[in-house]
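Structure file work_21.txt (compact mmCIF, C-alpha atoms) follows.
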# COMPACT_ATOMS: atom_id res chain seq x y z
CA MET V 1 5.05 -106.92 56.03
CA ASP V 2 6.00 -104.63 53.14
CA LEU V 3 8.91 -102.19 53.02
CA PHE V 4 6.71 -99.32 54.20
CA ASP V 5 5.88 -101.20 57.39
CA GLN V 6 9.51 -102.23 57.85
CA ARG V 7 11.05 -98.79 57.33
CA ALA V 8 8.29 -96.24 57.99
CA ALA V 9 6.11 -98.05 60.49
CA VAL V 10 3.18 -96.21 62.02
CA ASP V 11 3.27 -96.16 65.81
CA GLU V 12 -0.16 -97.41 66.77
CA SER V 13 0.07 -96.29 70.38
CA GLU V 14 -2.84 -94.31 71.82
CA GLY V 15 -3.02 -90.62 71.05
CA GLN V 16 -1.44 -90.74 67.62
CA TYR V 17 -3.01 -88.38 65.15
CA GLY V 18 -5.41 -90.33 62.98
CA LEU V 19 -5.46 -93.42 65.12
CA SER V 20 -7.31 -92.12 68.16
CA GLY V 21 -10.50 -91.28 66.32
CA GLU V 22 -9.80 -87.53 66.36
CA MET V 23 -9.03 -87.21 62.70
CA LYS V 24 -11.71 -85.44 60.72
CA LYS V 25 -10.85 -85.21 57.06
CA THR V 26 -8.00 -87.60 56.54
CA GLN V 27 -8.29 -91.17 57.61
CA TYR V 28 -4.81 -92.58 57.63
CA ILE V 29 -1.26 -91.67 58.48
CA LEU V 30 0.88 -91.60 55.35
CA GLN V 31 4.06 -93.64 54.99
CA LEU V 32 6.88 -92.37 52.78
CA LEU V 33 9.99 -94.14 51.49
CA GLY V 34 12.79 -91.95 50.15
CA ALA V 35 16.23 -90.55 50.90
CA PRO V 36 17.40 -87.35 52.65
CA TRP V 37 19.61 -86.27 49.71
CA CYS V 38 16.75 -86.73 47.24
CA PRO V 39 14.97 -83.42 46.54
CA ASP V 40 11.81 -85.27 45.50
CA THR V 41 11.62 -86.91 48.94
CA LEU V 42 12.03 -83.52 50.62
CA LYS V 43 9.23 -82.06 48.47
CA CYS V 44 6.86 -84.79 49.69
CA ILE V 45 7.81 -84.04 53.31
CA LEU V 46 7.24 -80.32 52.77
CA ALA V 47 3.89 -80.96 51.07
CA ALA V 48 2.72 -83.15 53.97
CA ALA V 49 3.73 -80.57 56.58
CA GLU V 50 2.21 -77.69 54.60
CA GLN V 51 -1.08 -79.55 54.13
CA GLY V 52 -1.30 -80.92 57.68
CA MET V 53 -0.88 -84.59 56.85
CA GLU V 54 0.98 -86.75 59.34
CA MET V 55 3.53 -89.01 57.72
CA THR V 56 6.14 -91.49 58.81
CA CYS V 57 9.35 -91.62 56.76
CA GLY V 58 11.78 -94.42 56.02
CA LEU V 59 15.04 -94.65 54.11
CA VAL V 60 15.52 -96.29 50.74
CA ASP V 61 19.24 -96.01 50.20
CA SER V 62 19.54 -94.97 46.57
CA SER V 63 23.31 -94.52 47.06
CA GLU V 64 23.37 -98.33 47.37
CA ASN V 65 20.86 -98.72 44.50
CA GLU V 66 18.26 -100.01 46.93
CA GLN V 67 15.46 -98.69 44.71
CA SER V 68 16.22 -101.67 42.46
CA SER V 69 15.91 -104.23 45.26
CA SER V 70 13.08 -106.74 45.10
CA ASP V 71 11.61 -105.34 48.35
CA TYR V 72 11.36 -101.85 46.87
CA LEU V 73 10.13 -103.08 43.47
CA ALA V 74 7.35 -104.85 45.34
CA VAL V 75 6.00 -101.43 46.42
CA SER V 76 7.08 -99.34 43.41
CA GLU V 77 7.02 -101.62 40.37
CA PHE V 78 9.42 -99.63 38.20
CA GLY V 79 11.68 -98.39 41.00
CA VAL V 80 10.31 -94.83 40.95
CA MET V 81 11.31 -92.86 44.05
CA PRO V 82 9.92 -91.71 46.44
CA ALA V 83 6.97 -93.97 47.23
CA LEU V 84 3.94 -93.32 49.42
CA LYS V 85 1.43 -95.55 51.12
CA GLU V 86 -1.96 -94.64 52.52
CA SER V 87 -3.57 -97.75 54.00
CA ASP V 88 -4.25 -100.01 50.97
CA TYR V 89 -3.12 -97.44 48.39
CA THR V 90 0.44 -96.95 47.17
CA VAL V 91 1.78 -94.51 44.63
CA ALA V 92 5.24 -93.35 43.56
CA GLY V 93 6.88 -90.31 42.02
CA VAL V 94 7.07 -86.74 43.24
CA ARG V 95 4.28 -85.37 41.08
CA ALA V 96 1.89 -88.12 42.07
CA ILE V 97 2.69 -87.83 45.78
CA THR V 98 2.73 -84.04 46.15
CA GLU V 99 -0.53 -83.63 44.26
CA PHE V 100 -2.10 -86.54 46.15
CA ILE V 101 -1.16 -84.88 49.45
CA ASN V 102 -2.38 -81.54 48.15
CA ALA V 103 -5.77 -83.02 47.27
CA ARG V 104 -6.00 -85.07 50.46
CA GLY V 105 -4.67 -82.47 52.88
CA LEU V 106 -6.35 -79.99 55.17
CA GLY V 107 -5.40 -76.72 53.53
CA ASN V 108 -6.55 -74.92 50.41
CA THR V 109 -5.15 -76.27 47.18
CA LEU V 110 -1.59 -75.24 46.39
CA ILE V 111 -2.29 -75.39 42.64
CA PRO V 112 -3.39 -72.09 41.04
CA MET V 113 -6.83 -72.08 39.39
CA ASN V 114 -5.91 -69.53 36.72
CA ALA V 115 -4.63 -71.15 33.50
CA VAL V 116 -1.62 -68.88 33.07
CA LYS V 117 -0.57 -69.14 36.71
CA ALA V 118 -1.04 -72.92 36.78
CA SER V 119 1.05 -73.13 33.63
CA ASP V 120 3.72 -70.85 35.15
CA GLN V 121 3.81 -73.02 38.25
CA ASP V 122 4.44 -76.12 36.17
CA CYS V 123 7.08 -74.33 34.12
CA TRP V 124 9.02 -73.40 37.30
CA ILE V 125 8.67 -76.94 38.62
CA GLU V 126 10.10 -78.31 35.37
CA ILE V 127 13.01 -75.84 35.47
CA SER V 128 13.79 -76.97 39.01
CA ARG V 129 13.59 -80.66 38.17
CA THR V 130 15.33 -80.72 34.82
CA GLN V 131 17.84 -77.87 35.05
CA ALA V 132 18.62 -76.95 38.67
CA GLU V 133 18.37 -80.24 40.54
CA PRO V 134 20.96 -82.22 38.51
CA ALA V 135 23.56 -79.52 39.29
CA ILE V 136 22.48 -79.40 42.95
CA ALA V 137 22.79 -83.20 43.10
CA THR V 138 26.42 -82.87 42.01
CA LEU V 139 27.08 -80.32 44.76
CA VAL V 140 25.38 -82.49 47.39
CA ALA V 141 27.37 -85.53 46.24
CA GLU V 142 30.66 -83.60 46.36
CA CYS V 143 30.15 -81.52 49.50
CA VAL V 144 27.72 -83.44 51.73
CA CYS V 145 27.44 -87.13 50.86
CA SER V 146 31.21 -87.40 50.42
CA ASP V 147 34.07 -85.08 51.25
CA SER V 148 35.63 -85.26 47.81
CA ASN V 149 34.97 -81.53 47.14
CA ASP V 150 36.14 -81.79 43.54
CA ALA V 151 36.78 -78.13 42.64
CA GLY V 152 36.13 -78.65 38.93
CA LYS V 153 32.79 -80.38 39.44
CA ILE V 154 31.72 -77.79 42.00
CA ALA V 155 32.60 -74.91 39.67
CA ASP V 156 30.76 -76.51 36.74
CA ALA V 157 27.65 -77.08 38.84
CA LYS V 158 27.70 -73.51 40.15
CA ASN V 159 28.14 -72.13 36.63
CA THR V 160 25.11 -74.14 35.51
CA LEU V 161 23.03 -72.88 38.39
CA ALA V 162 23.93 -69.17 38.25
CA PRO V 163 21.77 -68.15 35.24
CA ILE V 164 18.86 -70.32 36.42
CA LEU V 165 18.94 -68.66 39.83
CA ASP V 166 19.15 -65.23 38.17
CA MET V 167 15.83 -66.00 36.46
CA LEU V 168 14.29 -67.14 39.74
CA ASN V 169 15.63 -64.06 41.50
CA ASP V 170 13.98 -61.84 38.87
CA ALA V 171 10.66 -63.67 39.24
CA LEU V 172 10.78 -63.26 43.03
CA GLY V 173 11.35 -59.54 42.57
CA LYS V 174 7.88 -59.30 41.04
CA SER V 175 5.80 -61.32 43.50
CA GLU V 176 5.92 -62.59 47.07
CA PHE V 177 6.09 -66.22 46.03
CA ILE V 178 7.26 -67.80 42.77
CA VAL V 179 3.83 -67.69 41.13
CA ASP V 180 1.79 -65.10 43.00
CA LYS V 181 0.48 -67.11 46.00
CA PHE V 182 2.29 -69.98 47.74
CA SER V 183 2.11 -72.96 45.35
CA LEU V 184 3.72 -76.30 44.58
CA ALA V 185 6.43 -74.36 42.71
CA ASP V 186 7.56 -72.93 46.08
CA ILE V 187 7.66 -76.44 47.54
CA HIS V 188 9.83 -77.74 44.69
CA TRP V 189 12.27 -74.84 44.89
CA THR V 190 12.39 -74.89 48.71
CA ALA V 191 13.56 -78.51 48.64
CA ALA V 192 16.11 -77.84 45.92
CA LEU V 193 17.48 -74.68 47.53
CA HIS V 194 17.55 -76.24 50.98
CA LEU V 195 19.93 -78.86 49.61
CA LEU V 196 21.93 -76.17 47.81
CA SER V 197 22.23 -74.23 51.08
CA LEU V 198 24.08 -77.18 52.65
CA THR V 199 26.80 -77.11 50.00
CA ALA V 200 29.57 -74.89 48.69
CA GLY V 201 26.91 -73.38 46.44
CA VAL V 202 25.27 -71.51 49.34
CA ASP V 203 26.80 -68.25 48.08
CA LEU V 204 24.58 -68.51 44.99
CA ILE V 205 21.64 -67.95 47.34
CA GLU V 206 23.37 -65.32 49.51
CA GLU V 207 24.24 -63.24 46.43
CA ARG V 208 20.61 -63.04 45.27
CA SER V 209 18.58 -60.94 47.67
CA ASN V 210 15.12 -61.89 46.41
CA ILE V 211 15.85 -65.61 46.69
CA LYS V 212 17.51 -65.10 50.07
CA ASN V 213 14.50 -63.16 51.44
CA TRP V 214 12.00 -65.63 49.96
CA LEU V 215 13.83 -68.59 51.50
CA ALA V 216 13.98 -66.81 54.88
CA LYS V 217 10.22 -66.18 54.67
CA ILE V 218 9.50 -69.81 53.76
CA ARG V 219 11.69 -70.96 56.64
CA SER V 220 9.71 -68.94 59.15
CA LYS V 221 6.14 -69.15 57.89
CA LYS V 222 3.47 -71.37 59.40
CA SER V 223 2.10 -74.20 57.30
CA ALA V 224 -0.24 -73.41 54.41
CA CYS V 225 -3.11 -75.18 56.16
CA GLY V 226 -2.76 -72.99 59.25
CA GLN V 227 -1.33 -75.66 61.56
CA ASP V 228 1.29 -74.54 64.06
CA VAL V 229 4.15 -76.13 62.19
CA ILE V 230 6.98 -74.81 60.05
CA ALA V 231 7.38 -77.24 57.17
CA THR V 232 11.08 -76.54 56.64
CA SER V 233 11.83 -77.62 60.23
CA PHE V 234 11.59 -81.19 58.90
CA MET V 235 14.35 -80.67 56.35
CA PRO V 236 17.48 -82.75 56.99
CA THR V 237 20.75 -81.12 58.04
CA ALA V 238 24.07 -81.95 56.39
CA ALA V 239 24.75 -84.29 59.33
CA ASP V 240 21.39 -86.02 58.78
CA ILE V 241 22.24 -86.57 55.14
CA LYS V 242 25.66 -87.99 55.98
CA ALA V 243 23.99 -90.27 58.53
CA LYS V 244 21.32 -91.22 55.93
CA LYS V 245 18.61 -90.01 58.29
CA LEU V 246 15.11 -88.78 57.46
CA PRO V 247 12.76 -87.24 60.05
CA PRO V 248 10.97 -90.32 61.44
CA ILE V 249 7.59 -88.60 61.55
CA ILE V 250 5.97 -85.43 60.28
CA LYS V 251 3.97 -84.59 63.38
CA ILE V 252 1.11 -82.12 63.32
CA ALA V 253 1.07 -80.90 66.91
CA ASP V 254 -1.98 -78.67 67.12
CA PHE V 255 -4.53 -80.71 65.23
CA MET A 1 -3.20 -49.02 49.65
CA GLY A 2 -6.38 -48.07 51.48
CA LEU A 3 -7.74 -49.13 54.83
CA PHE A 4 -7.86 -52.94 55.32
CA GLY A 5 -5.90 -53.35 52.14
CA PHE A 6 -8.75 -52.26 49.85
CA GLY A 7 -8.05 -49.90 47.03
CA GLY A 8 -4.62 -51.28 46.33
CA LYS A 9 -3.68 -52.04 42.76
CA LYS A 10 -4.07 -55.74 42.06
CA GLN A 11 -1.98 -57.02 39.23
CA LYS A 12 -4.26 -58.52 36.57
CA PRO A 13 -3.06 -61.83 35.18
CA VAL A 14 -2.10 -61.77 31.52
CA THR A 15 -4.82 -63.40 29.41
CA ALA A 16 -5.28 -64.13 25.74
CA GLY A 17 -8.11 -62.49 23.79
CA LYS A 18 -11.02 -64.40 22.24
CA ASN A 19 -9.60 -63.97 18.75
CA ASP A 20 -6.05 -64.98 19.66
CA LYS A 21 -5.17 -68.34 18.15
CA ILE A 22 -2.92 -70.81 19.91
CA SER A 23 0.20 -71.89 18.11
CA LEU A 24 2.32 -74.80 19.23
CA THR A 25 5.95 -75.21 18.21
CA GLY A 26 8.17 -78.15 18.98
CA PRO A 27 10.33 -80.88 17.51
CA ALA A 28 8.69 -84.07 16.25
CA ASP A 29 9.42 -85.92 19.49
CA ALA A 30 7.42 -87.69 22.19
CA ILE A 31 6.97 -84.50 24.24
CA THR A 32 5.36 -82.65 21.33
CA MET A 33 3.19 -85.69 20.52
CA LYS A 34 1.94 -85.67 24.11
CA ALA A 35 1.08 -81.97 23.86
CA ILE A 36 -0.79 -82.47 20.55
CA MET A 37 -2.79 -85.38 21.98
CA THR A 38 -3.68 -83.34 25.08
CA ALA A 39 -4.87 -80.43 22.95
CA GLY A 40 -6.85 -82.86 20.81
CA VAL A 41 -8.55 -84.64 23.67
CA ARG A 42 -9.38 -81.26 25.25
CA GLY A 43 -10.74 -79.94 21.94
CA VAL A 44 -8.26 -77.06 21.76
CA GLU A 45 -7.81 -75.61 18.28
CA MET A 46 -4.31 -74.56 17.35
CA ASP A 47 -1.70 -74.23 14.63
CA ILE A 48 1.08 -76.80 14.85
CA ASN A 49 4.63 -76.17 13.74
CA LEU A 50 6.91 -79.18 14.08
CA SER A 51 10.24 -77.40 14.25
CA GLY A 52 12.50 -75.88 16.88
CA ASP A 53 14.50 -77.35 19.72
CA SER A 54 11.93 -77.34 22.49
CA LEU A 55 8.20 -77.29 23.08
CA SER A 56 6.54 -73.91 23.42
CA LEU A 57 3.14 -72.36 23.05
CA ALA A 58 2.00 -68.86 22.17
CA HIS A 59 -1.51 -67.58 22.73
CA GLY A 60 -1.75 -63.84 22.25
CA PRO A 61 0.35 -62.30 25.03
CA VAL A 62 0.60 -65.65 26.87
CA SER A 63 3.50 -68.01 26.33
CA ALA A 64 4.35 -71.33 27.94
CA LYS A 65 7.46 -73.44 27.68
CA GLY A 66 8.01 -77.09 28.51
CA GLU A 67 5.80 -80.15 28.63
CA SER A 68 4.08 -79.64 31.99
CA ALA A 69 3.31 -75.96 31.42
CA VAL A 70 1.86 -76.58 27.94
CA ILE A 71 -0.22 -79.58 28.98
CA THR A 72 -1.62 -77.71 31.98
CA TYR A 73 -2.52 -74.74 29.78
CA PHE A 74 -4.36 -76.96 27.29
CA ASP A 75 -6.23 -78.70 30.08
CA LYS A 76 -7.37 -75.39 31.53
CA LYS A 77 -8.29 -73.90 28.14
CA GLY A 78 -10.08 -76.95 26.80
CA THR A 79 -13.80 -77.43 26.42
CA GLY A 80 -15.79 -78.78 29.35
CA ALA A 81 -14.40 -79.92 32.67
CA SER A 82 -10.68 -80.36 33.30
CA LEU A 83 -9.29 -83.86 32.84
CA ARG A 84 -7.46 -83.66 36.20
CA PRO A 85 -9.24 -86.15 38.46
CA LYS A 86 -10.82 -84.63 41.58
CA LYS A 87 -10.34 -87.71 43.75
CA ALA A 88 -6.91 -87.81 45.36
CA ARG A 89 -6.16 -91.46 44.65
CA ILE A 90 -7.16 -91.25 40.99
CA LEU A 91 -5.18 -88.04 40.66
CA GLY A 92 -2.19 -89.84 42.17
CA GLU A 93 -2.65 -92.66 39.67
CA GLN A 94 -2.87 -90.23 36.74
CA ASN A 95 0.31 -88.46 37.84
CA TYR A 96 2.13 -91.74 38.45
CA TRP A 97 1.62 -92.67 34.78
CA MET A 98 2.63 -89.19 33.70
CA ASP A 99 5.81 -89.55 35.79
CA LEU A 100 6.51 -92.93 34.14
CA SER A 101 6.08 -91.26 30.78
CA CYS A 102 8.66 -88.52 31.55
CA GLN A 103 11.08 -90.68 33.51
CA PHE A 104 11.18 -93.71 31.22
CA LEU A 105 9.04 -93.74 28.07
CA ASP A 106 10.34 -90.41 26.71
CA LYS A 107 13.86 -91.83 26.93
CA GLY A 108 12.92 -95.23 25.50
CA GLU A 109 13.64 -96.95 28.84
CA LYS A 110 11.61 -99.82 30.36
CA VAL A 111 9.22 -99.52 27.41
CA SER A 112 8.08 -103.12 27.17
CA GLU A 113 7.74 -103.55 30.97
CA ILE A 114 5.63 -100.41 31.34
CA LEU A 115 3.47 -101.07 28.28
CA ASN A 116 2.91 -104.67 29.32
CA ARG A 117 1.69 -103.43 32.70
CA LEU A 118 -0.58 -100.91 30.98
CA ASN A 119 -1.87 -103.54 28.56
CA SER A 120 -2.76 -105.80 31.45
CA ASN A 121 -4.45 -102.92 33.38
CA LEU A 122 -6.48 -102.01 30.30
CA ALA A 123 -8.01 -105.48 30.25
CA ASN A 124 -10.09 -104.36 33.24
CA GLN A 125 -10.47 -100.62 32.76
CA GLU A 126 -11.26 -98.27 29.88
CA TYR A 127 -8.58 -95.68 30.58
CA VAL A 128 -5.14 -95.45 32.17
CA ALA A 129 -6.26 -94.16 35.56
CA GLY A 130 -9.92 -95.15 35.62
CA PRO A 131 -11.87 -92.32 33.97
CA LEU A 132 -10.41 -90.40 31.01
CA SER A 133 -7.56 -88.24 32.35
CA LEU A 134 -4.47 -86.36 31.19
CA ALA A 135 -2.54 -89.62 31.57
CA ASP A 136 -4.43 -91.03 28.57
CA ALA A 137 -3.41 -88.15 26.30
CA VAL A 138 0.18 -88.26 27.54
CA ILE A 139 0.68 -92.02 27.28
CA ALA A 140 -1.09 -92.01 23.89
CA GLY A 141 1.55 -89.50 22.73
CA ASN A 142 4.28 -91.90 23.84
CA VAL A 143 2.62 -94.90 22.19
CA LEU A 144 2.13 -93.03 18.90
CA MET A 145 5.77 -91.90 18.95
CA LEU A 146 6.93 -95.48 19.58
CA LYS A 147 4.76 -96.67 16.68
CA LYS A 148 6.15 -93.93 14.45
CA SER A 149 9.73 -94.88 15.26
CA GLY A 150 9.04 -98.60 14.82
CA SER A 151 9.90 -99.48 18.42
CA TYR A 152 6.40 -100.32 19.63
CA PRO A 153 6.28 -103.86 21.05
CA ALA A 154 3.92 -106.28 19.32
CA GLY A 155 0.92 -108.03 20.83
CA LEU A 156 -0.48 -105.25 23.03
CA SER A 157 -4.08 -105.56 21.87
CA ASN A 158 -5.67 -103.81 24.84
CA ILE A 159 -3.47 -100.77 24.24
CA ASP A 160 -4.45 -100.73 20.56
CA THR A 161 -8.16 -100.75 21.48
CA TRP A 162 -7.60 -98.06 24.12
CA LEU A 163 -5.65 -95.90 21.65
CA THR A 164 -8.62 -95.91 19.26
CA ARG A 165 -10.86 -94.98 22.20
CA VAL A 166 -8.59 -92.02 23.06
CA GLU A 167 -8.43 -90.88 19.42
CA GLN A 168 -12.24 -90.85 19.34
CA GLN A 169 -12.18 -88.25 22.12
CA ILE A 170 -10.66 -85.72 19.70
CA PRO A 171 -13.44 -83.68 18.06
CA GLU A 172 -14.04 -84.70 14.46
CA ASN A 173 -13.10 -81.31 13.03
CA LEU A 174 -9.60 -81.59 14.55
CA ARG A 175 -8.98 -85.33 14.49
CA SER A 176 -7.54 -85.88 11.04
CA THR A 177 -5.22 -82.86 11.23
CA TYR A 178 -3.91 -83.69 14.71
CA MET A 179 -3.56 -87.40 14.01
CA SER A 180 -1.62 -86.66 10.83
CA HIS A 181 1.01 -84.93 12.99
CA VAL A 182 1.34 -87.76 15.49
CA SER A 183 0.93 -90.85 13.28
Let me see whether you can do it: turn the structure in this file into structure tokens.
Amino acid sequence: MDLFDQRAAVDESEGQYGLSGEMKKTQYILQLLGAPWCPDTLKCILAAAEQGMEMTCGLVDSSENEQSSSDYLAVSEFGVMPALKESDYTVAGVRAITEFINARGLGNTLIPMNAVKASDQDCWIEISRTQAEPAIATLVAECVCSDSNDAGKIADAKNTLAPILDMLNDALGKSEFIVDKFSLADIHWTAALHLLSLTAGVDLIEERSNIKNWLAKIRSKKSACGQDVIATSFMPTAADIKAKKLPPIIKIADF
Amino acid sequence: MGLFGFGGKKQKPVTAGKNDKISLTGPADAITMKAIMTAGVRGVEMDINLSGDSLSLAHGPVSAKGESAVITYFDKKGTGASLRPKKARILGEQNYWMDLSCQFLDKGEKVSEILNRLNSNLANQEYVAGPLSLADAVIAGNVLMLKKSGSYPAGLSNIDTWLTRVEQQIPENLRSTYMSHVS
């Protein structure tokens, strides 16, 4: 039994989506290993919910360096987090998993066809990953994972984020979503800003009306594939993060 | 906006003209090497300027910054079909190797472990993720940068053969110029 089956086991009882013979396009329930404070894990959860893919989730405690354990390295050779399993196939890394789910899922693709828009999408994803998320990780570590609330570290992180969020706010003033239609860029930023909203950096969102309205819209919209599910409802609360708890299953109710 | 939403002004995406030439600017690092190899494999003609702090591209009114944005633009603008695999599992495999490239190889981390794994995979397959994909161009950029800096591990014969195979994908009229920038 591998770590997926230990931590994110699929309940094989009758009536489960994908196991009762009802499933049409997808054949298997996905299994995800990650952590609730990890934005990349949250992006995979959002992608699954948006694209109507059921998924069980299990914790790999990166705060205890569990991604370097032999059990985890057996499923993700170089310790890349998060990791996903679909039957006999495993893959790791946020880009691999979100695009795999996008291609496998029930909805239209979340990747723009137009060259400029696809390029813009990837640019916003890179800004989130390389510039915003390290600062958000500091805020989550200070305000949620521990109660250290180091004022200096919090101020530094907020100062780093302010100009980045100004750029995002400007972009959202020009279109409904980050790059025209709902895309993977929205998924990346939703995960990052969800974590930010649980910290002392929440005012950075409140002060920027376009970001605030966009996040409210994302938090109330139905999934991209038209299923009766709101993807952000699977996002962990601050209490979940403290308790190291991921949603056990991304359930698609109205399949 | 008219009835049923018709008649409203739809914002036209910015596009480059036929005569606009692409120019790529970036430092002589692994990220720029990856972009050059992607343009080469996709047959995209461009001017290359190895200077500046970060990777960027200009194409008429269009600009793109950063590795992912530039690589995606080249893939879309290249000749023939996109190199992004259509099948989900192969796409996942391509992106996994691209993630390894960004997360480790660009920083010189886990180089021998990752390249040994690739070398062993290439004993049974022609390209990184099965058919030729963006992962080949990207990892080739990393390998060429490691060779250039003298930190390429010895004895990876399958990678050497594969690298020649990837280089051959660059159209002849561009090959010598592009390879002179990355070798």
Using all atoms listed in the file, I'd like a table of the residues in chain A that come within 9 Å of chain V; for each, show the closest atom pair and its distance in Å rounded to one decimal, ordered by chain and ascending number, as CSV.
residue,atom,partner,partner_atom,distance
A:Pro13,CA,V:Val116,CA,7.5
A:Val14,CA,V:Val116,CA,7.3
A:Thr15,CA,V:Val116,CA,7.3
A:Val62,CA,V:Val116,CA,7.3
A:Ser63,CA,V:Val116,CA,8.5
A:Ala64,CA,V:Ser119,CA,6.8
A:Lys65,CA,V:Cys123,CA,6.5
A:Gly66,CA,V:Cys123,CA,6.3
A:Glu67,CA,V:Cys123,CA,8.1
A:Ser68,CA,V:Asp122,CA,5.5
A:Ala69,CA,V:Ser119,CA,4.2
A:Val70,CA,V:Ser119,CA,6.7
A:Ile71,CA,V:Ser119,CA,8.1
A:Thr72,CA,V:Ser119,CA,5.6
A:Tyr73,CA,V:Ser119,CA,5.5
A:Phe74,CA,V:Ala115,CA,8.5
A:Asp75,CA,V:Ala115,CA,8.4
A:Lys76,CA,V:Ala115,CA,5.4
A:Lys77,CA,V:Ala115,CA,7.0
A:Lys86,CA,V:Ala103,CA,7.8
A:Lys87,CA,V:Ala103,CA,7.4
A:Ala88,CA,V:Phe100,CA,5.0
A:Arg89,CA,V:Phe100,CA,6.6
A:Ile90,CA,V:Phe100,CA,8.6
A:Leu91,CA,V:Phe100,CA,6.5
A:Gly92,CA,V:Ala96,CA,4.4
A:Glu93,CA,V:Ala96,CA,6.9
A:Gln94,CA,V:Ala96,CA,7.5
A:Asn95,CA,V:Ala96,CA,4.5
A:Tyr96,CA,V:Ala96,CA,5.1
A:Trp97,CA,V:Ala96,CA,8.6
A:Met98,CA,V:Ala96,CA,8.5
A:Asp99,CA,V:Gly93,CA,6.4
A:Leu100,CA,V:Val80,CA,8.0
A:Gln103,CA,V:Val80,CA,8.6
A:Lys110,CA,V:Phe78,CA,8.1
A:Glu113,CA,V:Phe78,CA,8.4
A:Ile114,CA,V:Phe78,CA,7.9
**Study point:** Near-Met145 (chain A) list (8 Å; only C-alpha atoms; drop same-chain fewer than 4 positions) as a PyMOL selection string
**Key:** chain A and resi 29-30+33+141+149+182-183
Exercise for review: Within 9 Å of (1.1, -97.0, 19.0) (coordinates as in the file), grab all the protein and nucleic acid residues, counting all atoms listed in the file, and write them out as a list in words.
Suggested key: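 Returned residue set, sorted by chain then number, is Ala140, Gly141, Asn142, Val143, Leu144, Met145, Leu146, Lys147, Lys148, Tyr152, Pro153, Ile159, Asp160, Leu163 and Ser183 of chain A.
Minimum atom-to-atom distance to Asp147 (chain V), evaluated using all atoms listed in the file, belongs to V:Thr199 out of V:Thr41, V:Gln6, V:Thr232, V:Thr199.
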Exercise for review: Excluding Glu172 (chain A) and residues on its chain fewer than 5 positions from it, collect all residues at most 10 Å away from it, counting all atoms listed in the file, and give them as an MDAnalysis selection string.
Suggested key: chainID A and resid 40 43 167 177
Exercise for review: Could you jot down the CA of Met55 (chain V) to CA of Phe177 (chain V) separation for me, Å, one decimal place?
Suggested key: 25.7 Å
Exercise for review: Work out how far apart CA of Pro39 (chain V) and CA of Gly130 (chain A) are and give it in Å to one decimal.
Suggested key: 29.6 Å
Give, as JSON, the centre coordinates and the x, y and z edge lengths in Å to one decimal for an axis-aligned box around all listed atoms of region 198-207 of chain V, padded by 5 Å on each side.
{"center_x": 25.6, "center_y": -70.2, "center_z": 48.8, "size_x": 17.9, "size_y": 23.9, "size_z": 17.7}
**Study point:** From V:Ser223, V:Thr109, V:Asn213, V:Ser197, residue lying nearest Leu172 (chain V) [all atoms listed in the file]
**Key:**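 Of V:Ser223, V:Thr109, V:Asn213, V:Ser197, the one nearest Leu172 (chain V), counting all atoms listed in the file, is V:Asn213.
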